[in-house]
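File shown here: protein01.pdb, holding PDB, C-alpha atoms.
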```pdb
ATOM      1  CA  MET A  27      -7.416 -21.922  11.349
ATOM      2  CA  ASP A  28      -6.391 -21.985  15.007
ATOM      3  CA  GLU A  29      -9.698 -21.725  16.873
ATOM      4  CA  ASN A  30      -8.125 -19.561  19.587
ATOM      5  CA  LYS A  31      -6.349 -17.189  17.211
ATOM      6  CA  VAL A  32      -7.339 -13.535  16.913
ATOM      7  CA  ILE A  33      -6.896 -12.192  13.379
ATOM      8  CA  ALA A  34      -5.338  -8.753  12.974
ATOM      9  CA  LEU A  35      -7.105  -6.574  10.385
ATOM     10  CA  THR A  36      -6.972  -2.992   9.206
ATOM     11  CA  VAL A  37     -10.237  -1.142   8.674
ATOM     12  CA  GLU A  38      -9.673  -1.378   4.916
ATOM     13  CA  GLY A  39      -8.997  -5.106   5.208
ATOM     14  CA  LEU A  40     -12.244  -5.544   7.125
ATOM     15  CA  ARG A  41     -14.113  -3.627   4.426
ATOM     16  CA  LYS A  42     -12.693  -5.797   1.625
ATOM     17  CA  LEU A  43     -13.428  -9.017   3.500
ATOM     18  CA  GLU A  44     -16.999  -7.954   4.223
ATOM     19  CA  LYS A  45     -17.592  -7.159   0.527
ATOM     20  CA  GLU A  46     -16.291 -10.586  -0.433
ATOM     21  CA  GLN A  47     -18.483 -12.299   2.153
ATOM     22  CA  ILE A  48     -21.638 -10.483   1.064
ATOM     23  CA  LYS A  49     -21.017 -11.463  -2.558
ATOM     24  CA  LEU A  50     -20.410 -15.083  -1.580
ATOM     25  CA  LEU A  51     -23.569 -15.260   0.530
ATOM     26  CA  HIS A  52     -25.965 -13.436  -1.751
ATOM     27  CA  VAL A  53     -24.606 -14.061  -5.243
ATOM     28  CA  GLU A  54     -22.230 -17.007  -5.574
ATOM     29  CA  ARG A  55     -24.136 -19.272  -3.183
ATOM     30  CA  VAL A  56     -27.318 -18.676  -5.221
ATOM     31  CA  GLN A  57     -25.442 -19.242  -8.492
ATOM     32  CA  VAL A  58     -24.178 -22.590  -7.204
ATOM     33  CA  VAL A  59     -27.730 -23.704  -6.445
ATOM     34  CA  GLU A  60     -28.754 -22.799  -9.986
ATOM     35  CA  GLU A  61     -25.739 -24.679 -11.397
ATOM     36  CA  LEU A  62     -26.701 -27.783  -9.427
ATOM     37  CA  LYS A  63     -30.311 -27.602 -10.607
ATOM     38  CA  ALA A  64     -29.223 -27.274 -14.231
ATOM     39  CA  ALA A  65     -26.838 -30.224 -13.880
ATOM     40  CA  ARG A  66     -29.470 -32.440 -12.228
ATOM     41  CA  SER A  67     -31.900 -31.695 -15.040
ATOM     42  CA  GLN A  68     -29.537 -33.528 -17.400
ATOM     43  CA  GLY A  69     -30.465 -36.848 -15.812
ATOM     44  CA  ASP A  70     -27.855 -39.432 -14.780
ATOM     45  CA  LEU A  71     -25.362 -37.844 -12.322
ATOM     46  CA  SER A  72     -22.835 -40.686 -12.253
ATOM     47  CA  GLU A  73     -20.844 -39.318 -15.191
ATOM     48  CA  ASN A  74     -22.140 -35.765 -15.225
ATOM     49  CA  ALA A  75     -19.155 -33.397 -15.513
ATOM     50  CA  ASP A  76     -21.344 -30.318 -15.003
ATOM     51  CA  TYR A  77     -22.705 -31.736 -11.759
ATOM     52  CA  ASP A  78     -19.204 -32.554 -10.498
ATOM     53  CA  ALA A  79     -18.023 -29.027 -11.372
ATOM     54  CA  ALA A  80     -21.002 -27.502  -9.568
ATOM     55  CA  ARG A  81     -20.307 -29.595  -6.469
ATOM     56  CA  ASP A  82     -16.669 -28.500  -6.509
ATOM     57  CA  HIS A  83     -17.776 -24.876  -6.866
ATOM     58  CA  GLN A  84     -20.156 -25.315  -3.944
ATOM     59  CA  ALA A  85     -17.399 -26.788  -1.758
ATOM     60  CA  ARG A  86     -15.069 -23.874  -2.504
ATOM     61  CA  VAL A  87     -17.747 -21.276  -1.824
ATOM     62  CA  GLU A  88     -18.811 -22.848   1.467
ATOM     63  CA  ALA A  89     -15.207 -23.278   2.636
ATOM     64  CA  THR A  90     -14.431 -19.621   1.917
ATOM     65  CA  ILE A  91     -17.613 -18.469   3.651
ATOM     66  CA  LYS A  92     -16.622 -20.476   6.719
ATOM     67  CA  GLU A  93     -13.081 -19.048   6.733
ATOM     68  CA  ASN A  94     -14.333 -15.489   6.280
ATOM     69  CA  ASP A  95     -16.927 -15.934   9.006
ATOM     70  CA  TYR A  96     -14.207 -16.979  11.438
ATOM     71  CA  VAL A  97     -12.134 -13.888  10.657
ATOM     72  CA  LEU A  98     -15.161 -11.582  10.820
ATOM     73  CA  THR A  99     -16.010 -12.821  14.313
ATOM     74  CA  ASN A 100     -12.443 -13.034  15.669
ATOM     75  CA  PHE A 101     -10.717  -9.942  14.340
ATOM     76  CA  GLU A 102      -8.716  -7.219  16.041
ATOM     77  CA  LEU A 103      -8.670  -3.809  14.355
ATOM     78  CA  ILE A 104      -5.131  -2.475  14.332
ATOM     79  CA  ASP A 105      -5.711   1.016  12.947
ATOM     80  CA  LEU A 106      -9.045   2.125  14.397
ATOM     81  CA  ASP A 107      -9.265   5.862  15.006
ATOM     82  CA  GLU A 108     -12.781   6.316  16.380
ATOM     83  CA  LYS A 109     -13.433   9.717  17.940
ATOM     84  CA  THR A 110     -17.213   9.450  18.351
ATOM     85  CA  SER A 111     -18.530   9.222  21.919
ATOM     86  CA  LYS A 112     -19.974   5.981  23.243
ATOM     87  CA  ASP A 113     -23.495   7.397  23.463
ATOM     88  CA  LYS A 114     -23.437   8.500  19.821
ATOM     89  CA  LEU A 115     -21.959   5.176  18.747
ATOM     90  CA  GLN A 116     -24.773   3.313  20.479
ATOM     91  CA  VAL A 117     -27.405   5.404  18.705
ATOM     92  CA  GLU A 118     -25.615   4.896  15.386
ATOM     93  CA  LEU A 119     -25.514   1.135  15.966
ATOM     94  CA  GLU A 120     -29.269   0.972  16.518
ATOM     95  CA  ASN A 121     -29.893   2.980  13.335
ATOM     96  CA  LEU A 122     -27.514   0.774  11.356
ATOM     97  CA  ARG A 123     -29.276  -2.377  12.488
ATOM     98  CA  GLU A 124     -32.625  -0.964  11.356
ATOM     99  CA  GLU A 125     -31.124   0.079   8.023
ATOM    100  CA  LYS A 126     -29.668  -3.419   7.580
ATOM    101  CA  ILE A 127     -33.140  -4.957   7.885
ATOM    102  CA  ALA A 128     -34.488  -2.627   5.187
ATOM    103  CA  VAL A 129     -31.560  -3.354   2.847
ATOM    104  CA  ASN A 130     -31.953  -7.114   3.365
ATOM    105  CA  ASP A 131     -35.586  -6.793   2.288
ATOM    106  CA  LYS A 132     -34.461  -5.011  -0.883
ATOM    107  CA  MET A 133     -31.888  -7.749  -1.412
ATOM    108  CA  ASN A 134     -34.547 -10.459  -1.339
ATOM    109  CA  GLU A 135     -36.639  -8.557  -3.864
ATOM    110  CA  ALA A 136     -33.673  -8.011  -6.184
ATOM    111  CA  LYS A 137     -32.811 -11.723  -6.135
ATOM    112  CA  LYS A 138     -36.163 -12.487  -7.743
ATOM    113  CA  ASP A 139     -34.724 -11.076 -10.977
ATOM    114  CA  GLY A 140     -31.820 -13.539 -10.866
ATOM    115  CA  VAL A 141     -28.190 -13.206  -9.821
ATOM    116  CA  SER A 142     -26.563 -12.733 -13.206
ATOM    117  CA  ASP A 143     -24.152  -9.896 -13.944
ATOM    118  CA  GLU A 144     -27.025  -8.117 -15.675
ATOM    119  CA  ASN A 145     -28.805  -7.573 -12.360
ATOM    120  CA  GLU A 146     -27.097  -4.260 -11.545
ATOM    121  CA  GLU A 147     -29.535  -3.487  -8.734
ATOM    122  CA  LEU A 148     -28.502  -6.616  -6.861
ATOM    123  CA  PHE A 149     -24.821  -5.713  -6.966
ATOM    124  CA  LEU A 150     -25.541  -2.150  -5.825
ATOM    125  CA  ILE A 151     -27.488  -3.543  -2.885
ATOM    126  CA  CYS A 152     -24.611  -5.902  -2.095
ATOM    127  CA  GLU A 153     -22.269  -2.902  -1.955
ATOM    128  CA  LYS A 154     -24.654  -1.058   0.366
ATOM    129  CA  LEU A 155     -25.104  -4.045   2.648
ATOM    130  CA  ALA A 156     -21.341  -4.577   2.861
ATOM    131  CA  GLU A 157     -20.925  -0.911   3.803
ATOM    132  CA  ILE A 158     -23.523  -1.235   6.569
ATOM    133  CA  GLU A 159     -22.122  -4.529   7.866
ATOM    134  CA  THR A 160     -18.610  -3.096   7.974
ATOM    135  CA  ARG A 161     -19.696  -0.054   9.943
ATOM    136  CA  ILE A 162     -21.707  -2.226  12.344
ATOM    137  CA  ARG A 163     -18.640  -4.344  13.068
ATOM    138  CA  ILE A 164     -16.479  -1.258  13.565
ATOM    139  CA  VAL A 165     -18.957   0.348  15.951
ATOM    140  CA  GLU A 166     -19.449  -2.890  17.901
ATOM    141  CA  TYR A 167     -15.681  -3.314  18.135
ATOM    142  CA  ALA A 168     -15.204   0.273  19.318
ATOM    143  CA  LEU A 169     -17.873  -0.111  21.995
ATOM    144  CA  LYS A 170     -16.556  -3.470  23.178
ATOM    145  CA  ASN A 171     -12.936  -2.360  23.350
ATOM    146  CA  ASP A 172     -13.502   1.273  24.338
ATOM    147  CA  SER A 173     -11.663   2.267  21.149
ATOM    148  CA  THR A 174     -12.974   5.814  21.038
ATOM    149  CA  LYS A 175      -9.614   7.505  20.818
ATOM    150  CA  LYS A 176      -6.365   6.797  19.053
ATOM    151  CA  ILE A 177      -3.355   5.787  21.078
ATOM    152  CA  GLY A 178      -0.108   7.358  19.987
ATOM    153  CA  LYS A 179       2.331   4.910  18.471
ATOM    154  CA  LYS A 180       5.762   5.403  20.046
ATOM    155  CA  ALA A 181       6.845   1.863  19.284
ATOM    156  CA  VAL A 182       6.245  -0.499  16.395
ATOM    157  CA  LYS A 183       2.832  -2.128  16.641
ATOM    158  CA  LEU A 184       0.449  -3.948  14.354
ATOM    159  CA  GLY A 185      -0.580  -1.408  11.749
ATOM    160  CA  SER A 186       2.663   0.586  11.990
ATOM    161  CA  LYS A 187       4.362   1.772   8.823
ATOM    162  CA  VAL A 188       8.077   1.359   9.511
ATOM    163  CA  THR A 189      11.082   2.688   7.644
ATOM    164  CA  ILE A 190      14.138   0.519   8.226
ATOM    165  CA  LEU A 191      17.769   0.547   7.159
ATOM    166  CA  THR A 192      19.433  -2.808   6.466
ATOM    167  CA  LEU A 193      22.884  -2.172   7.926
ATOM    168  CA  ASP A 194      25.028  -4.576   5.912
ATOM    169  CA  GLU A 195      23.610  -3.350   2.587
ATOM    170  CA  GLU A 196      22.799   0.267   3.512
ATOM    171  CA  LEU A 197      19.378  -0.386   1.998
ATOM    172  CA  GLU A 198      16.371   1.622   3.202
ATOM    173  CA  GLU A 199      12.908   0.031   2.936
ATOM    174  CA  VAL A 200       9.398   0.772   4.142
ATOM    175  CA  TYR A 201       6.994  -1.879   5.439
ATOM    176  CA  THR A 202       3.543  -1.859   6.996
ATOM    177  CA  ILE A 203       2.992  -4.578   9.583
ATOM    178  CA  VAL A 204      -0.362  -6.279   9.175
ATOM    179  CA  GLY A 205      -2.005  -9.579  10.066
ATOM    180  CA  THR A 206      -1.580 -12.706   7.957
ATOM    181  CA  VAL A 207      -4.891 -12.147   6.152
ATOM    182  CA  GLU A 208      -3.705  -8.882   4.588
ATOM    183  CA  ALA A 209      -0.040  -9.727   4.059
ATOM    184  CA  ASP A 210       1.204  -8.596   0.632
ATOM    185  CA  PRO A 211       5.034  -8.438   0.660
ATOM    186  CA  ILE A 212       5.263  -7.224  -2.932
ATOM    187  CA  ASN A 213       3.363  -4.093  -1.908
ATOM    188  CA  GLY A 214       5.221  -3.620   1.360
ATOM    189  CA  LYS A 215       2.716  -5.278   3.710
ATOM    190  CA  ILE A 216       4.326  -7.963   5.860
ATOM    191  CA  SER A 217       2.680 -10.344   8.313
ATOM    192  CA  ASN A 218       3.316  -9.811  12.009
ATOM    193  CA  GLU A 219       4.406 -13.456  12.096
ATOM    194  CA  THR A 220       7.396 -12.973   9.767
ATOM    195  CA  PRO A 221      10.901 -12.888  11.293
ATOM    196  CA  LEU A 222      11.342  -9.224  10.272
ATOM    197  CA  ALA A 223       8.067  -8.048  11.795
ATOM    198  CA  SER A 224       8.654 -10.097  14.945
ATOM    199  CA  ALA A 225      12.028  -8.388  15.393
ATOM    200  CA  LEU A 226      10.523  -4.925  14.890
ATOM    201  CA  LEU A 227       7.445  -5.192  17.108
ATOM    202  CA  ASP A 228       7.583  -3.097  20.302
ATOM    203  CA  ARG A 229      10.891  -1.495  19.287
ATOM    204  CA  LYS A 230      11.454   2.255  18.820
ATOM    205  CA  VAL A 231      13.070   4.660  16.384
ATOM    206  CA  GLY A 232      16.851   4.282  16.507
ATOM    207  CA  ASP A 233      16.789   0.703  17.757
ATOM    208  CA  VAL A 234      18.988  -1.808  15.954
ATOM    209  CA  VAL A 235      17.464  -5.284  15.848
ATOM    210  CA  THR A 236      18.580  -8.647  14.562
ATOM    211  CA  VAL A 237      16.330 -10.518  12.163
ATOM    212  CA  PHE A 238      16.783 -14.203  12.855
ATOM    213  CA  VAL A 239      16.604 -16.108   9.573
ATOM    214  CA  ALA A 240      18.956 -18.633   7.953
ATOM    215  CA  HIS A 241      21.513 -15.836   7.627
ATOM    216  CA  PRO A 242      20.681 -13.304  10.393
ATOM    217  CA  TYR A 243      21.010  -9.615   9.587
ATOM    218  CA  LYS A 244      20.599  -6.325  11.435
ATOM    219  CA  VAL A 245      18.274  -3.426  10.644
ATOM    220  CA  GLN A 246      17.834  -0.031  12.244
ATOM    221  CA  ILE A 247      14.420   1.581  12.703
ATOM    222  CA  LYS A 248      14.512   5.010  11.085
ATOM    223  CA  LYS A 249      10.854   6.073  11.256
ATOM    224  CA  ILE A 250       7.503   4.866  12.601
ATOM    225  CA  ASP A 251       4.177   6.114  11.243
TER     226      ASP A 251
END
```

Any chance you could give the structure as structure tokens?
Amino acid sequence: MDENKVIALTVEGLRKLEKEQIKLLHVERVQVVEELKAARSQGDLSENADYDAARDHQARVEATIKENDYVLTNFELIDLDEKTSKDKLQVELENLREEKIAVNDKMNEAKKDGVSDENEELFLICEKLAEIETRIRIVEYALKNDSTKKIGKKAVKLGSKVTILTLDEELEEVYTIVGTVEADPINGKISNETPLASALLDRKVGDVVTVFVAHPYKVQIKKID
């Protein structure tokens, strides 16, 4: 990833990413260690397929953790609607940090029973920790960026849900503009870096814009949510 790039995320996208990261850190990373131990116990590693598979698994896990960590420390929330005052947010943040310590202690205890799918307590704790971590990041972001009130969206911005009319086909479509991490064109979520999103950004209802692709076409903005 570009080391100077800020990653656009929705609150829901942040929540999903945090859940994935917690599972990677507290479940899959531990499972990899166990896989490596089991493979080493077989003796000669030079032609040990299990050991090679475990190393590959470890590489994938660590690479994903690194990628997620970058996003989680360089994100911009595009749909934050935080109405709580700064003073209350600060108090909440302190309480969340204390709660995180307690949940981490429970996590360490739960790991003693292994990290298999049968350890339901561990996975419940992972869910709780992800919830706390997500809220901590949201509160810290709100305090840092003074995001304690929602700004009305009169033009297309990151996070906007836009209804457009393709003029040459008279085809109406709805897209939500998100960052590259959450892009899902099949479900109507397009990256802000696509030609269509780039043409729509900062434009208003009624504007007709040209989408510059191999065969340029025009669309009209019908609605912005």

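Going from atom CA of Leu115 of chain A over to atom CA of Leu98 of chain A, you cover 19.7 Å.
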
Legend entry - Coordinates-based distance that separates atom CA of Thr99 of chain A from atom CA of Pro211 of chain A (Å, one decimal): 25.5 Å

Each segment 58-119 of chain A residue no farther than 9 Å from segment 180-204 of chain A, nearest pair in Å, all atoms listed in the file, as a tab-separated table:
```
residue	atom	partner	partner_atom	distance
A:Leu103	CA	A:Gly185	CA	8.8
A:Ile104	CA	A:Gly185	CA	5.3
A:Asp105	CA	A:Gly185	CA	5.8
```

Inset, instruction - Go through A:Leu62, A:Leu169, A:Leu155, A:Pro221 one by one, measure the shortest atom-to-atom distance of each to Asp131 of chain A using all atoms listed in the file, and give the residue with the smallest value. - result: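 Ranked by minimum distance to Asp131 of chain A, first place goes to A:Leu155.
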
Inset, instruction - Name every residue that the PyMOL selection byres ((chain A and resi 151) around 12) selects in this structure, writing the answer as a PyMOL selection string with chains first and numbers rising. - result: chain A and resi 45+48-49+52-53+126+128-137+141+145-150+152-158

Legend entry - Residues matched by the PyMOL selection byres ((chain A and resi 76) around 12), written as a list in words: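 For this structure, the PyMOL selection byres ((chain A and resi 76) around 12) resolves to Val58, Glu60, Glu61, Leu62, Lys63, Ala64, Ala65, Arg66, Ser67, Gln68, Gly69, Asp70, Leu71, Ser72, Glu73, Asn74, Ala75, Tyr77, Asp78, Ala79, Ala80, Arg81, Asp82 and His83 of chain A.
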
Can you tell me, as a PDB file with C-alpha atoms, in the frame of the given file, what residues are no more than 9 Å from Ala225 of chain A when counting only C-alpha atoms, ignoring any on the same chain fewer than 6 positions away?
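The resulting file, selection.pdb, is reproduced below:
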```
ATOM      1  CA  VAL A 235      17.464  -5.284  15.848  1.00  0.00           C
ATOM      2  CA  THR A 236      18.580  -8.647  14.562  1.00  0.00           C
ATOM      3  CA  VAL A 237      16.330 -10.518  12.163  1.00  0.00           C
ATOM      4  CA  PHE A 238      16.783 -14.203  12.855  1.00  0.00           C
TER       5      PHE A 238
END
```

Inset, instruction - Work out how far apart atom CA of Ala34 of chain A and atom CA of Glu102 of chain A are and give it in Å to one decimal. - result: 4.8 Å

Legend entry - Selected residue, from A:Ile127, A:Glu44, A:Glu38, A:Lys138, that lies nearest to Val56 of chain A when counting only C-alpha atoms: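 Comparing A:Ile127, A:Glu44, A:Glu38, A:Lys138 against Val56 of chain A, the winner is A:Lys138.
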
Enclose the full set of atoms of segment 243-249 of chain A listed in the file within a box whose edges lie along x, y and z, apply 6 Å of padding to each of the six sides, and report centre and edge lengths in Å to one decimal as lines of an AutoDock Vina configuration file.
```
center_x = 15.9
center_y = -1.8
center_z = 11.1
size_x = 22.2
size_y = 27.7
size_z = 15.1
```

Inset, instruction - For each of A:Ala209, A:Leu119, A:Leu106, A:Leu222, take the minimum atom-to-atom distance to Asp172 of chain A, counting all atoms listed in the file, then give the residue where this is smallest. - result: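 Selected residue with least distance to Asp172 of chain A: A:Leu106.
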
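Residue nearest Arg55 of chain A within the list A:Arg86, A:His241, A:Lys42, A:Lys215: A:Arg86 [criterion: smallest interatomic distance, all atoms listed in the file].
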
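Of the listed residues (A:Val97, A:Ile164, A:Leu40, A:Val87), A:Ile164 comes nearest to Leu122 of chain A; the distances count only C-alpha atoms.
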
Inset, instruction - Give me the residues within 9 Å of Asp233 of chain A as a PyMOL selection string, counting all atoms listed in the file and dropping any in the same chain fewer than 6 places off. - result: chain A and resi 226+245-248

Legend entry - Proximity to Phe101 of chain A - best of A:Val32, A:Lys170, A:Ser224, A:Asn218, all atoms listed in the file: A:Val32

Because the input lacks atoms here, generate N, CA and C atoms for segment 106-127 of chain A and report them as a compact mmCIF listing (two decimals), in the coordinates of the input.
```txt
# COMPACT_ATOMS: atom_id res chain seq x y z
N LEU A 106 -7.79 1.42 14.14
CA LEU A 106 -9.04 2.12 14.40
C LEU A 106 -8.79 3.47 15.05
N ASP A 107 -9.38 4.50 14.46
CA ASP A 107 -9.26 5.86 15.01
C ASP A 107 -10.68 6.42 15.15
N GLU A 108 -11.38 5.96 16.19
CA GLU A 108 -12.78 6.32 16.38
C GLU A 108 -12.92 7.40 17.44
N LYS A 109 -13.35 8.57 17.01
CA LYS A 109 -13.43 9.72 17.94
C LYS A 109 -14.86 9.99 18.43
N THR A 110 -15.83 9.24 17.94
CA THR A 110 -17.21 9.45 18.35
C THR A 110 -17.44 8.93 19.77
N SER A 111 -18.27 9.63 20.54
CA SER A 111 -18.53 9.22 21.92
C SER A 111 -19.32 7.92 21.95
N LYS A 112 -19.26 7.24 23.10
CA LYS A 112 -19.97 5.98 23.24
C LYS A 112 -21.47 6.13 23.05
N ASP A 113 -22.05 7.19 23.59
CA ASP A 113 -23.50 7.40 23.46
C ASP A 113 -23.90 7.54 22.00
N LYS A 114 -23.13 8.31 21.24
CA LYS A 114 -23.44 8.50 19.82
C LYS A 114 -23.22 7.21 19.03
N LEU A 115 -22.21 6.45 19.42
CA LEU A 115 -21.96 5.18 18.75
C LEU A 115 -23.12 4.21 18.97
N GLN A 116 -23.66 4.21 20.17
CA GLN A 116 -24.77 3.31 20.48
C GLN A 116 -26.01 3.66 19.65
N VAL A 117 -26.27 4.96 19.53
CA VAL A 117 -27.40 5.40 18.70
C VAL A 117 -27.17 5.03 17.24
N GLU A 118 -25.95 5.25 16.77
CA GLU A 118 -25.62 4.90 15.39
C GLU A 118 -25.80 3.41 15.14
N LEU A 119 -25.41 2.59 16.11
CA LEU A 119 -25.51 1.14 15.97
C LEU A 119 -26.98 0.71 15.82
N GLU A 120 -27.84 1.30 16.60
CA GLU A 120 -29.27 0.97 16.52
C GLU A 120 -29.83 1.36 15.15
N ASN A 121 -29.43 2.53 14.65
CA ASN A 121 -29.89 2.98 13.34
C ASN A 121 -29.36 2.08 12.22
N LEU A 122 -28.10 1.65 12.36
CA LEU A 122 -27.51 0.77 11.36
C LEU A 122 -28.23 -0.57 11.30
N ARG A 123 -28.59 -1.09 12.44
CA ARG A 123 -29.28 -2.38 12.49
C ARG A 123 -30.65 -2.29 11.82
N GLU A 124 -31.33 -1.16 12.01
CA GLU A 124 -32.62 -0.96 11.36
C GLU A 124 -32.44 -0.83 9.85
N GLU A 125 -31.40 -0.10 9.44
CA GLU A 125 -31.12 0.08 8.02
C GLU A 125 -30.77 -1.26 7.37
N LYS A 126 -30.05 -2.10 8.10
CA LYS A 126 -29.67 -3.42 7.58
C LYS A 126 -30.90 -4.26 7.27
N ILE A 127 -31.90 -4.21 8.12
CA ILE A 127 -33.14 -4.96 7.88
C ILE A 127 -33.80 -4.50 6.58
```
